[in-house]
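Enquirer: First the structure, which I've put down as structure tokens, then a few questions once you've had a look.
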There are 2 protein chains.
Amino acid sequence: MSVLLFYVMKYKQSEPENPDNDRFVLAKRLSFVDVATGWLGQGLGVACGMAYTGKYFDRASYRVFCLMSDGESSEGSVWEAMAFASYYSLDNLVAIFDVNRLGHSGALPAEHCIDIYQRRCEAFGWNTYVVDGRDVEALCQVFWQASQVKHKPTAVVAKTFKGRGAPSIEDAESWHGKPMPTERADAIIKLIESQIETNRNLEPQLPIEDSPEVNITDVRMTSPPDYRVGDKIATRKACGLALAKLGHANNRVIVLDGDTKYSTFSEIFNKEYPERFIECFMAEQNMVSEDGVSQMALEDIAMFRTIPKCTIFYPTDAVSTEHAVALAANAKGMCFIRTTRPETMVIYTPQERFEIGQAKVLRHCVSDKVTVIGAGITVYEALAAADELLKQDIFIRVIDLFTIKPLDVATIISSAKATEGRIITVEDHYPQGGIGEAVCAAVSMDPDIQVHSLAVSGVPQSGKPEELLDMYGISARHIIVAVKCMLLN
Amino acid sequence: MSVLLFYVMKYKQSEPENPDNDRFVLAKRLSFVDVATGWLGQGLGVACGMAYTGKYFDRASYRVFCLMSDGESSEGSVWEAMAFASYYSLDNLVAIFDVNRLGHSGALPAEHCIDIYQRRCEAFGWNTYVVDGRDVEALCQVFWQASQVKHKPTAVVAKTFKGRGAPSIEDAESWHGKPMPTERADAIIKLIESQIETNRNLEPQLPIEDSPEVNITDVRMTSPPDYRVGDKIATRKACGLALAKLGHANNRVIVLDGDTKYSTFSEIFNKEYPERFIECFMAEQNMVSEDGVSQMALEDIAMFRTIPKCTIFYPTDAVSTEHAVALAANAKGMCFIRTTRPETMVIYTPQERFEIGQAKVLRHCVSDKVTVIGAGITVYEALAAADELLKQDIFIRVIDLFTIKPLDVATIISSAKATEGRIITVEDHYPQGGIGEAVCAAVSMDPDIQVHSLAVSGVPQSGKPEELLDMYGISARHIIVAVKCMLLN
């Protein structure tokens, strides 16, 4: 790290956020560390994103350095990143493997067999150097050589020893994560101090100032949605079209794909802005696969709801989908937009305004007896149920949530009060952690509100067509039965 | 596949479940396929488990074959499995890479560069062959050679072409996942039929019958828990001790570790039964890290709740932890046991009986005004709150859930009814998808029950000690305030 900071990296000490600085990714947070990777194996992926940005979007001189442990390199995500970096010729990226032989539980599989790391890095297309991790001159040399290599990322496999130079601690298994007794620590600090040969102050080199100004705030669509009420279009396609439209609004809108561009319609963006489309292939690590009935997730909403400050959109038609994409582009924090494969009818006019946390009341009259809350595909079933019940003189209020998180609690509670406290939630998701539980929790302190939740109860057992249909959620028929049961009680 | 089935695999056609059969792992389900891997990249990991079992536990002659696609090999999980198989010298495992150049979205990174696959497999320690995937004799030869290789798994990199031999379809990008028009399909079927040279019926070779009898039902602890009420012990340690005890009860109890054996106390099992302890290193793919405050999951319960038929235990003390381990060993489907790092006091006698879906009422009297529901570490805060409130003549009922899924709805509702409909849930988990929402959903149709949920609301911003404390959940002080607020309303 001292070699990197004082001999290799170009860095303005007074401005850690300066975009011209070289980047440094490590598993600890210090002011000059751009990313602290809490989860082992994520650092190199993050560094790949920075290096891709530097090379292809910023086209700037800064380099990206990522320091990793040998134990961490057992993570599959590291090898996804290794393949990505060489495929995209990220020659501004340097990964340092700190091979100190020891993990938390003892010796690691490859121990100090440096050649195993070397062969794996080379097989994944990296320019690879093997060095003694304590040899300052050798380190300076390989980092300089790395800067001269074109079209390949560089791996520096550094052989190191934990506690090097400390008597009976060097390379010993029992010291991982343990504090050292004070007396012993004092003696070792003295030993290290006695080895310092100079008091000269070292400073990092200044960066080359050639990174572009970037503005990613206030990203707006240039025109309202171009759909008419009654049009039929799948929200996944509307999402692909909206992404391409957003790409027109700001040249820092980029799209990453995990070999599903034809299913997600991100291919539309790819055709228009190929230079901003990054194909990551089947290496999605934690990506939620949602490609058709067989691979559609029924726990995705539960998972994204647990992420602090994550916004979850579940748009119903093409118009609301386009608004969701535009709102997500300007929202703080992570956003998740759930789209649907089947074509659905456009129900909103292009002039309709959408906000995060604002539900839409689609049907209401003074005689409403039950509030039915849906999102996405289930809204159509709720509307169909409302039409059918209307023929029997039963009136229901229908709400389209638009965002699941944050939830429009005010609209939910006022609608419930207007319908004698009765709520039915309808979702194509498992009951756990979905819309039903979110609504139950939101109204749980109100003794006048009862909630009945309709959700997908399990995986189809036989693959019969009607079971597959249920995988998309609950039909109007189920809602009609639930409404009548609730009115009987 | 025809070469595998008719020339290589040893297999009793009439008994697909025969334990002596060779195993076959593929992404489609046919009667002779042992595992259909819905998620890309999981197949080789499953095959590793089978091969490890065959070599080290069954010590039987059967081999394991895993057919994978080239696109799938971009998944990091594949390389975790590759490293595992060579580290454990799984010479009874053969992985076939079907390199047909094409993914769903078009050409894959390595296309038909067979040598890239070869180098990567070799670098990960595999005995590797490159073959023409249509050359029956060459395939027979490499599969035979593989059976003679000791101490290394074998990779067969097979170069293939999609739609081989079909005019204008072979190796074309546009046919992935598309049905072929009937007329064209008929012509191609005729073409293929014209190439068949013999009508001889082929049958697979019979397996060698040397796999042992295995009994993994009715796994019972040989003695009751050896703790006294008032003892202090961390449930993670009690879990490690219980695993070792279970290892004594059945020799098919095995433990897998992801470089956390000292934190999870699975080291205790390792010391007693090293031959049944498998160190997987830092390659846990989807494993929930729960090693101390900094890495403790606050969304794990939400995630496991969404898994159909998954049982979630959250034991409070050492006695209930040991029972949870024993119940999990005999439960159908996946089980998740959440244990805790700090030492907690033993509150159950060794004679206490535990069942899945059965909560424990720890404090109750006729004057109870609120039911407080906790699990694990929060139970102690609830008990402390009860003690403090008792001094102020406020009585609360305290419930220890023991299992979060299934939930003991009967006990929850009867307790709520006995405490004027008031419930407070307390959990060290995000509010989304946790105990609070589960309870809200369970009582949502009952107008007489109100639920107030206490949960961890977010990530600590500054790392200040009191925020870290909150990461473990809610303190007795919070519960006391919540009880008083609820009684005021």
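In the structure tokens, chains take the letters A, B, ... in the order shown, each chain's residues start at 1, and ligands count up from 1 in the order shown.
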Show which residues sit within 7 Å of Arg101 (chain B), as a VMD selection string. Count only C-alpha atoms, and ignore same-chain residues fewer than 4 positions away.

Expert: chain B and resid 107 to 108 111 to 112

Enquirer: For the selection you just gave me, I'd like the residues written to a file as an mmCIF file, in the first residue's frame, keeping N, CA, C and O atoms.

Expert:
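Writing done, so here's part18.cif:
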```cif
data_model
loop_
_atom_site.group_PDB
_atom_site.id
_atom_site.type_symbol
_atom_site.label_atom_id
_atom_site.label_comp_id
_atom_site.auth_asym_id
_atom_site.auth_seq_id
_atom_site.Cartn_x
_atom_site.Cartn_y
_atom_site.Cartn_z
ATOM 1 N N ALA B 107 -23.363 -14.335 -29.662
ATOM 2 C CA ALA B 107 -22.082 -15.007 -29.439
ATOM 3 C C ALA B 107 -21.585 -14.768 -28.022
ATOM 4 O O ALA B 107 -21.755 -13.693 -27.460
ATOM 5 N N LEU B 108 -20.965 -15.795 -27.441
ATOM 6 C CA LEU B 108 -20.406 -15.714 -26.092
ATOM 7 C C LEU B 108 -18.976 -15.192 -26.161
ATOM 8 O O LEU B 108 -18.358 -15.212 -27.226
ATOM 9 N N GLU B 111 -16.493 -17.558 -27.683
ATOM 10 C CA GLU B 111 -16.955 -18.182 -28.934
ATOM 11 C C GLU B 111 -16.445 -19.635 -29.033
ATOM 12 O O GLU B 111 -16.642 -20.399 -28.118
ATOM 13 N N HIS B 112 -15.800 -19.966 -30.166
ATOM 14 C CA HIS B 112 -15.318 -21.342 -30.323
ATOM 15 C C HIS B 112 -13.835 -21.493 -29.997
ATOM 16 O O HIS B 112 -13.188 -22.453 -30.444
#
```

Enquirer: Skipping near chain neighbours, those fewer than 3 positions away, what residues fall within 10 Å of Ile399 (chain A) using only C-alpha atoms, listed as an mmCIF file with N, CA, C and O atoms, in the first residue's frame?

Expert:
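Wrote out04.cif, looks like this:
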```cif
data_model
loop_
_atom_site.group_PDB
_atom_site.id
_atom_site.type_symbol
_atom_site.label_atom_id
_atom_site.label_comp_id
_atom_site.auth_asym_id
_atom_site.auth_seq_id
_atom_site.Cartn_x
_atom_site.Cartn_y
_atom_site.Cartn_z
ATOM 1 N N ALA A 359 -49.996 6.212 -4.758
ATOM 2 C CA ALA A 359 -50.831 5.210 -5.411
ATOM 3 C C ALA A 359 -51.921 5.885 -6.232
ATOM 4 O O ALA A 359 -52.210 7.072 -6.063
ATOM 5 N N LYS A 360 -52.531 5.138 -7.147
ATOM 6 C CA LYS A 360 -53.636 5.651 -7.963
ATOM 7 C C LYS A 360 -54.931 4.924 -7.586
ATOM 8 O O LYS A 360 -54.956 3.695 -7.537
ATOM 9 N N VAL A 361 -55.976 5.713 -7.327
ATOM 10 C CA VAL A 361 -57.280 5.109 -7.076
ATOM 11 C C VAL A 361 -58.002 5.032 -8.418
ATOM 12 O O VAL A 361 -58.355 6.052 -9.005
ATOM 13 N N LEU A 362 -58.192 3.825 -8.927
ATOM 14 C CA LEU A 362 -58.708 3.655 -10.290
ATOM 15 C C LEU A 362 -60.227 3.592 -10.338
ATOM 16 O O LEU A 362 -60.838 3.994 -11.315
ATOM 17 N N ARG A 363 -60.858 3.048 -9.317
ATOM 18 C CA ARG A 363 -62.315 2.959 -9.260
ATOM 19 C C ARG A 363 -62.755 3.413 -7.883
ATOM 20 O O ARG A 363 -62.219 2.937 -6.888
ATOM 21 N N HIS A 364 -63.718 4.303 -7.808
ATOM 22 C CA HIS A 364 -64.265 4.628 -6.500
ATOM 23 C C HIS A 364 -65.632 5.285 -6.636
ATOM 24 O O HIS A 364 -65.896 6.019 -7.598
ATOM 25 N N THR A 371 -61.906 -2.254 -0.355
ATOM 26 C CA THR A 371 -60.786 -1.699 -1.109
ATOM 27 C C THR A 371 -59.906 -2.851 -1.594
ATOM 28 O O THR A 371 -59.422 -3.645 -0.779
ATOM 29 N N VAL A 372 -59.723 -2.968 -2.906
ATOM 30 C CA VAL A 372 -58.853 -4.006 -3.466
ATOM 31 C C VAL A 372 -57.560 -3.341 -3.945
ATOM 32 O O VAL A 372 -57.589 -2.436 -4.776
ATOM 33 N N ILE A 373 -56.440 -3.793 -3.396
ATOM 34 C CA ILE A 373 -55.139 -3.192 -3.697
ATOM 35 C C ILE A 373 -54.325 -4.151 -4.554
ATOM 36 O O ILE A 373 -54.062 -5.282 -4.157
ATOM 37 N N GLY A 374 -53.944 -3.689 -5.739
ATOM 38 C CA GLY A 374 -53.103 -4.503 -6.611
ATOM 39 C C GLY A 374 -51.899 -3.718 -7.070
ATOM 40 O O GLY A 374 -51.702 -2.548 -6.721
ATOM 41 N N ALA A 375 -51.066 -4.360 -7.888
ATOM 42 C CA ALA A 375 -49.915 -3.706 -8.498
ATOM 43 C C ALA A 375 -49.531 -4.537 -9.706
ATOM 44 O O ALA A 375 -49.605 -5.769 -9.667
ATOM 45 N N VAL A 379 -53.591 -5.659 -11.074
ATOM 46 C CA VAL A 379 -54.529 -4.533 -11.185
ATOM 47 C C VAL A 379 -55.619 -4.858 -12.216
ATOM 48 O O VAL A 379 -56.796 -4.543 -12.015
ATOM 49 N N ALA A 382 -58.114 -7.097 -10.693
ATOM 50 C CA ALA A 382 -58.963 -6.330 -9.767
ATOM 51 C C ALA A 382 -60.012 -5.535 -10.543
ATOM 52 O O ALA A 382 -61.187 -5.468 -10.143
ATOM 53 N N LEU A 383 -59.610 -4.948 -11.681
ATOM 54 C CA LEU A 383 -60.566 -4.185 -12.503
ATOM 55 C C LEU A 383 -61.637 -5.113 -13.083
ATOM 56 O O LEU A 383 -62.827 -4.774 -13.117
ATOM 57 N N ILE A 396 -66.645 -2.011 -5.498
ATOM 58 C CA ILE A 396 -65.332 -2.087 -4.827
ATOM 59 C C ILE A 396 -64.433 -0.954 -5.324
ATOM 60 O O ILE A 396 -64.563 -0.484 -6.457
ATOM 61 N N PHE A 402 -48.434 1.394 -7.682
ATOM 62 C CA PHE A 402 -47.338 2.009 -8.446
ATOM 63 C C PHE A 402 -45.981 1.779 -7.779
ATOM 64 O O PHE A 402 -45.095 1.188 -8.369
ATOM 65 N N THR A 411 -53.229 6.927 1.405
ATOM 66 C CA THR A 411 -54.292 6.528 0.475
ATOM 67 C C THR A 411 -54.904 5.195 0.888
ATOM 68 O O THR A 411 -56.127 4.999 0.812
ATOM 69 N N ILE A 412 -54.059 4.273 1.342
ATOM 70 C CA ILE A 412 -54.561 2.961 1.756
ATOM 71 C C ILE A 412 -55.511 3.112 2.938
ATOM 72 O O ILE A 412 -56.622 2.557 2.936
ATOM 73 N N SER A 415 -58.802 4.991 2.017
ATOM 74 C CA SER A 415 -59.677 4.118 1.219
ATOM 75 C C SER A 415 -60.318 3.052 2.101
ATOM 76 O O SER A 415 -61.508 2.749 1.954
ATOM 77 N N THR A 425 -55.671 -7.429 -0.511
ATOM 78 C CA THR A 425 -54.468 -7.209 -1.329
ATOM 79 C C THR A 425 -54.321 -8.366 -2.303
ATOM 80 O O THR A 425 -54.656 -9.505 -1.986
#
```

Enquirer: I'd like the neighbourhood of Ser61 (chain B) as an MDAnalysis selection string, where a residue qualifies if any of its atoms comes within 12 Å (using only C-alpha atoms), though same-chain residues fewer than 2 positions away should be ignored.

Expert: chainID B and resid 9:11 19:23 51 53:59 63:64 91:93 147 206:212

Enquirer: Identify, on the basis of only C-alpha atoms, every residue whose closest approach to Leu67 (chain A) does not exceed 6 Å; exclude the query and any residue fewer than 2 positions from it along the same chain; express the result as a list in words.

Expert: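 Counting only the stated atoms, we get Leu26, Ala95 and Ile96 of chain A.
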
Enquirer: For N, CA and C atoms, I'd like the residues from the last selection saved as a CSV table (one decimal), in the first residue's frame.

Expert:
```csv
chain,number,residue,atom,x,y,z
A,26,LEU,N,-10.4,-1.4,-1.7
A,26,LEU,CA,-9.9,-2.2,-0.6
A,26,LEU,C,-11.0,-2.6,0.4
A,95,ALA,N,-5.1,-5.4,-10.4
A,95,ALA,CA,-5.5,-6.2,-9.2
A,95,ALA,C,-4.3,-6.7,-8.5
A,96,ILE,N,-4.2,-6.5,-7.2
A,96,ILE,CA,-3.1,-7.0,-6.4
A,96,ILE,C,-3.6,-8.2,-5.5
```

Enquirer: Hey, which bits of chain B sit within 7 Å of chain A, and for each residue what's the closest pair of atoms and how far apart in Å (one decimal), counting only C-alpha atoms, rows by chain and increasing number, as JSON lines?

Expert:
```
{"residue": "B:Gly71", "atom": "CA", "partner": "A:Met282", "partner_atom": "CA", "distance": 6.4}
{"residue": "B:Glu72", "atom": "CA", "partner": "A:Met282", "partner_atom": "CA", "distance": 6.1}
{"residue": "B:Ser74", "atom": "CA", "partner": "A:Ala283", "partner_atom": "CA", "distance": 5.4}
{"residue": "B:Glu75", "atom": "CA", "partner": "A:Ala283", "partner_atom": "CA", "distance": 4.5}
{"residue": "B:Gly76", "atom": "CA", "partner": "A:Gly76", "partner_atom": "CA", "distance": 3.6}
{"residue": "B:Ser77", "atom": "CA", "partner": "A:Gly76", "partner_atom": "CA", "distance": 5.0}
{"residue": "B:Trp79", "atom": "CA", "partner": "A:Gly76", "partner_atom": "CA", "distance": 5.7}
{"residue": "B:Glu80", "atom": "CA", "partner": "A:Gly76", "partner_atom": "CA", "distance": 5.1}
{"residue": "B:Tyr87", "atom": "CA", "partner": "A:Pro109", "partner_atom": "CA", "distance": 6.8}
{"residue": "B:His104", "atom": "CA", "partner": "A:Asp259", "partner_atom": "CA", "distance": 6.0}
{"residue": "B:Ser105", "atom": "CA", "partner": "A:Asp259", "partner_atom": "CA", "distance": 5.2}
{"residue": "B:Pro109", "atom": "CA", "partner": "A:Tyr87", "partner_atom": "CA", "distance": 6.8}
{"residue": "B:Ile116", "atom": "CA", "partner": "A:Ala123", "partner_atom": "CA", "distance": 6.9}
{"residue": "B:Arg119", "atom": "CA", "partner": "A:Ala123", "partner_atom": "CA", "distance": 5.4}
{"residue": "B:Arg120", "atom": "CA", "partner": "A:Ala123", "partner_atom": "CA", "distance": 5.0}
{"residue": "B:Ala123", "atom": "CA", "partner": "A:Arg120", "partner_atom": "CA", "distance": 5.0}
{"residue": "B:Phe124", "atom": "CA", "partner": "A:Arg120", "partner_atom": "CA", "distance": 6.6}
{"residue": "B:Asp259", "atom": "CA", "partner": "A:Ser105", "partner_atom": "CA", "distance": 5.2}
{"residue": "B:Thr260", "atom": "CA", "partner": "A:Ser105", "partner_atom": "CA", "distance": 6.2}
{"residue": "B:Lys261", "atom": "CA", "partner": "A:Ser105", "partner_atom": "CA", "distance": 6.2}
{"residue": "B:Tyr262", "atom": "CA", "partner": "A:Ser105", "partner_atom": "CA", "distance": 6.6}
{"residue": "B:Phe281", "atom": "CA", "partner": "A:Ser74", "partner_atom": "CA", "distance": 6.8}
{"residue": "B:Met282", "atom": "CA", "partner": "A:Ser74", "partner_atom": "CA", "distance": 5.5}
{"residue": "B:Ala283", "atom": "CA", "partner": "A:Glu75", "partner_atom": "CA", "distance": 4.5}
{"residue": "B:Glu299", "atom": "CA", "partner": "A:Thr306", "partner_atom": "CA", "distance": 5.8}
{"residue": "B:Ala302", "atom": "CA", "partner": "A:Gly433", "partner_atom": "CA", "distance": 6.3}
{"residue": "B:Met303", "atom": "CA", "partner": "A:Met303", "partner_atom": "CA", "distance": 6.2}
{"residue": "B:Arg305", "atom": "CA", "partner": "A:Gln432", "partner_atom": "CA", "distance": 6.1}
{"residue": "B:Thr306", "atom": "CA", "partner": "A:Gln432", "partner_atom": "CA", "distance": 5.4}
{"residue": "B:Pro308", "atom": "CA", "partner": "A:Gly458", "partner_atom": "CA", "distance": 6.2}
{"residue": "B:Tyr430", "atom": "CA", "partner": "A:Thr306", "partner_atom": "CA", "distance": 6.4}
{"residue": "B:Gln432", "atom": "CA", "partner": "A:Thr306", "partner_atom": "CA", "distance": 5.3}
{"residue": "B:Gly433", "atom": "CA", "partner": "A:Gly433", "partner_atom": "CA", "distance": 3.9}
{"residue": "B:Glu437", "atom": "CA", "partner": "A:Glu437", "partner_atom": "CA", "distance": 5.4}
{"residue": "B:Ala438", "atom": "CA", "partner": "A:Glu437", "partner_atom": "CA", "distance": 6.9}
{"residue": "B:Cys440", "atom": "CA", "partner": "A:Cys440", "partner_atom": "CA", "distance": 5.5}
{"residue": "B:Ala441", "atom": "CA", "partner": "A:Glu437", "partner_atom": "CA", "distance": 5.5}
{"residue": "B:Ser444", "atom": "CA", "partner": "A:Val451", "partner_atom": "CA", "distance": 5.1}
{"residue": "B:Met445", "atom": "CA", "partner": "A:Gln450", "partner_atom": "CA", "distance": 4.9}
{"residue": "B:Asp446", "atom": "CA", "partner": "A:Gln450", "partner_atom": "CA", "distance": 6.6}
{"residue": "B:Pro447", "atom": "CA", "partner": "A:Pro447", "partner_atom": "CA", "distance": 5.4}
{"residue": "B:Asp448", "atom": "CA", "partner": "A:Pro447", "partner_atom": "CA", "distance": 6.1}
{"residue": "B:Ile449", "atom": "CA", "partner": "A:Pro447", "partner_atom": "CA", "distance": 6.7}
{"residue": "B:Gln450", "atom": "CA", "partner": "A:Met445", "partner_atom": "CA", "distance": 4.9}
{"residue": "B:Val451", "atom": "CA", "partner": "A:Ser444", "partner_atom": "CA", "distance": 5.1}
{"residue": "B:His452", "atom": "CA", "partner": "A:Met445", "partner_atom": "CA", "distance": 6.3}
{"residue": "B:Gly458", "atom": "CA", "partner": "A:Pro308", "partner_atom": "CA", "distance": 6.1}
```

Enquirer: Hey, can you spit out that residue selection with N, CA and C atoms as a short mmCIF file (atom, residue, chain, number, x, y, z; two decimals), in the first residue's frame?

Expert:
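The result, stored in selection-v9.cif:
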```cif
data_model
loop_
_atom_site.label_atom_id
_atom_site.label_comp_id
_atom_site.auth_asym_id
_atom_site.auth_seq_id
_atom_site.Cartn_x
_atom_site.Cartn_y
_atom_site.Cartn_z
N GLY B 71 -22.07 -21.00 -22.12
CA GLY B 71 -22.57 -19.74 -21.57
C GLY B 71 -22.62 -19.78 -20.06
N GLU B 72 -23.06 -20.91 -19.53
CA GLU B 72 -23.18 -21.11 -18.09
C GLU B 72 -21.84 -20.99 -17.38
N SER B 74 -19.73 -18.84 -17.53
CA SER B 74 -19.41 -17.47 -17.08
C SER B 74 -19.81 -17.25 -15.63
N GLU B 75 -20.67 -18.13 -15.10
CA GLU B 75 -21.13 -17.97 -13.72
C GLU B 75 -19.99 -18.22 -12.75
N GLY B 76 -19.83 -17.35 -11.77
CA GLY B 76 -18.78 -17.51 -10.78
C GLY B 76 -18.91 -18.80 -9.99
N SER B 77 -20.16 -19.24 -9.77
CA SER B 77 -20.37 -20.45 -8.99
C SER B 77 -19.70 -21.66 -9.64
N TRP B 79 -16.83 -21.65 -11.10
CA TRP B 79 -15.40 -21.65 -10.77
C TRP B 79 -15.17 -21.93 -9.30
N GLU B 80 -16.14 -21.64 -8.46
CA GLU B 80 -16.05 -22.10 -7.07
C GLU B 80 -16.05 -23.63 -7.05
N TYR B 87 -9.40 -29.42 -5.50
CA TYR B 87 -8.81 -29.41 -4.16
C TYR B 87 -9.09 -30.74 -3.46
N HIS B 104 -28.06 -16.88 -25.28
CA HIS B 104 -29.39 -16.38 -25.61
C HIS B 104 -29.30 -15.09 -26.41
N SER B 105 -28.33 -14.24 -26.06
CA SER B 105 -28.22 -12.91 -26.67
C SER B 105 -27.27 -12.88 -27.85
N PRO B 109 -18.42 -14.72 -25.02
CA PRO B 109 -17.09 -14.10 -25.06
C PRO B 109 -16.02 -14.97 -25.72
N ILE B 116 -9.26 -21.46 -24.73
CA ILE B 116 -9.54 -20.64 -23.54
C ILE B 116 -10.15 -21.52 -22.45
N ARG B 119 -7.42 -23.93 -21.07
CA ARG B 119 -6.46 -23.30 -20.15
C ARG B 119 -7.08 -23.03 -18.79
N ARG B 120 -8.35 -22.55 -18.80
CA ARG B 120 -9.01 -22.26 -17.52
C ARG B 120 -9.21 -23.54 -16.70
N ALA B 123 -5.88 -24.61 -15.37
CA ALA B 123 -5.41 -23.72 -14.30
C ALA B 123 -6.14 -23.98 -12.98
N PHE B 124 -7.37 -24.49 -13.09
CA PHE B 124 -8.11 -24.82 -11.88
C PHE B 124 -7.88 -26.27 -11.45
N ASP B 259 -15.13 -21.07 5.69
CA ASP B 259 -14.04 -20.35 6.36
C ASP B 259 -14.54 -19.56 7.57
N THR B 260 -15.49 -20.12 8.31
CA THR B 260 -15.99 -19.45 9.52
C THR B 260 -16.10 -20.43 10.68
N LYS B 261 -15.32 -21.51 10.65
CA LYS B 261 -15.52 -22.58 11.64
C LYS B 261 -15.27 -22.13 13.07
N TYR B 262 -14.42 -21.13 13.26
CA TYR B 262 -14.19 -20.66 14.62
C TYR B 262 -15.33 -19.75 15.09
N PHE B 281 -14.11 -23.15 2.06
CA PHE B 281 -13.43 -21.87 1.94
C PHE B 281 -14.42 -20.75 1.58
N MET B 282 -13.89 -19.59 1.21
CA MET B 282 -14.77 -18.43 0.98
C MET B 282 -15.43 -18.53 -0.39
N ALA B 283 -16.32 -19.47 -0.52
CA ALA B 283 -16.97 -19.68 -1.81
C ALA B 283 -18.41 -20.05 -1.52
N GLU B 299 -31.64 -9.29 6.97
CA GLU B 299 -32.69 -9.58 6.03
C GLU B 299 -32.80 -11.09 5.82
N ALA B 302 -36.35 -12.64 6.29
CA ALA B 302 -37.22 -12.32 5.15
C ALA B 302 -36.92 -13.24 3.97
N MET B 303 -35.65 -13.48 3.71
CA MET B 303 -35.29 -14.31 2.56
C MET B 303 -35.69 -15.77 2.76
N ARG B 305 -37.95 -16.90 4.75
CA ARG B 305 -39.41 -17.04 4.83
C ARG B 305 -40.01 -17.24 3.45
N THR B 306 -39.39 -16.65 2.39
CA THR B 306 -39.99 -16.78 1.05
C THR B 306 -39.74 -18.14 0.43
N PRO B 308 -40.40 -21.77 -0.18
CA PRO B 308 -41.49 -22.67 0.15
C PRO B 308 -41.03 -23.83 1.03
N TYR B 430 -34.60 -6.30 9.94
CA TYR B 430 -35.34 -5.19 9.33
C TYR B 430 -36.84 -5.45 9.45
N GLN B 432 -39.08 -5.27 7.23
CA GLN B 432 -39.66 -5.91 6.04
C GLN B 432 -39.47 -7.42 6.06
N GLY B 433 -40.58 -8.14 6.00
CA GLY B 433 -40.52 -9.59 5.89
C GLY B 433 -40.10 -10.31 7.16
N GLU B 437 -44.07 -8.39 10.51
CA GLU B 437 -44.98 -8.52 9.37
C GLU B 437 -45.66 -9.88 9.35
N ALA B 438 -44.93 -10.91 9.74
CA ALA B 438 -45.53 -12.25 9.77
C ALA B 438 -46.69 -12.28 10.76
N CYS B 440 -48.41 -9.59 11.90
CA CYS B 440 -49.47 -8.71 11.37
C CYS B 440 -50.34 -9.46 10.36
N ALA B 441 -49.69 -10.18 9.46
CA ALA B 441 -50.44 -10.91 8.43
C ALA B 441 -51.30 -12.00 9.06
N SER B 444 -54.40 -10.36 10.65
CA SER B 444 -54.94 -9.20 9.92
C SER B 444 -56.45 -9.22 9.75
N MET B 445 -57.07 -10.39 9.87
CA MET B 445 -58.52 -10.47 9.71
C MET B 445 -59.25 -10.30 11.04
N ASP B 446 -58.48 -10.16 12.12
CA ASP B 446 -59.11 -10.06 13.44
C ASP B 446 -59.20 -8.60 13.87
N PRO B 447 -60.41 -8.03 13.91
CA PRO B 447 -60.52 -6.60 14.20
C PRO B 447 -60.16 -6.26 15.64
N ASP B 448 -60.05 -7.26 16.53
CA ASP B 448 -59.79 -6.95 17.93
C ASP B 448 -58.31 -6.94 18.29
N ILE B 449 -57.46 -7.22 17.31
CA ILE B 449 -56.03 -7.31 17.62
C ILE B 449 -55.26 -6.19 16.93
N GLN B 450 -54.43 -5.50 17.73
CA GLN B 450 -53.55 -4.47 17.19
C GLN B 450 -52.11 -4.92 17.37
N VAL B 451 -51.27 -4.64 16.39
CA VAL B 451 -49.87 -5.06 16.48
C VAL B 451 -48.97 -3.85 16.34
N HIS B 452 -48.03 -3.71 17.28
CA HIS B 452 -47.00 -2.70 17.16
C HIS B 452 -45.67 -3.43 17.00
N GLY B 458 -32.51 0.51 10.21
CA GLY B 458 -31.59 0.83 9.13
C GLY B 458 -30.17 0.50 9.50
#
```

Enquirer: For Asp226 (chain A), find every residue with an atom within 9 Å (counting only C-alpha atoms), except residues of its own chain fewer than 2 positions away, and show them as a list in words.

Expert: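 Near Asp226 (chain A), the qualifying residues are Ser223, Pro224, Arg228, Val319 and Pro350 of chain A.
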
Enquirer: Next, write the just-selected residues to a file, as a compact mmCIF listing (two decimals), in the first residue's frame, keeping N, CA, C and O atoms as the atom set.

Expert:
```
# COMPACT_ATOMS: atom_id res chain seq x y z
N SER A 223 -40.18 13.93 -23.84
CA SER A 223 -41.59 14.01 -24.27
C SER A 223 -42.43 13.10 -23.39
O SER A 223 -41.90 12.18 -22.77
N PRO A 224 -43.77 13.36 -23.32
CA PRO A 224 -44.61 12.47 -22.52
C PRO A 224 -44.73 11.09 -23.19
O PRO A 224 -44.36 10.95 -24.36
N ARG A 228 -51.66 5.37 -26.15
CA ARG A 228 -53.05 5.77 -25.94
C ARG A 228 -53.75 4.75 -25.07
O ARG A 228 -53.45 3.54 -25.15
N VAL A 319 -47.51 3.40 -19.84
CA VAL A 319 -47.35 4.80 -19.42
C VAL A 319 -46.69 4.87 -18.04
O VAL A 319 -45.70 5.59 -17.83
N PRO A 350 -51.31 9.87 -21.40
CA PRO A 350 -49.94 10.38 -21.35
C PRO A 350 -49.77 11.55 -20.38
O PRO A 350 -48.66 11.81 -19.91
```
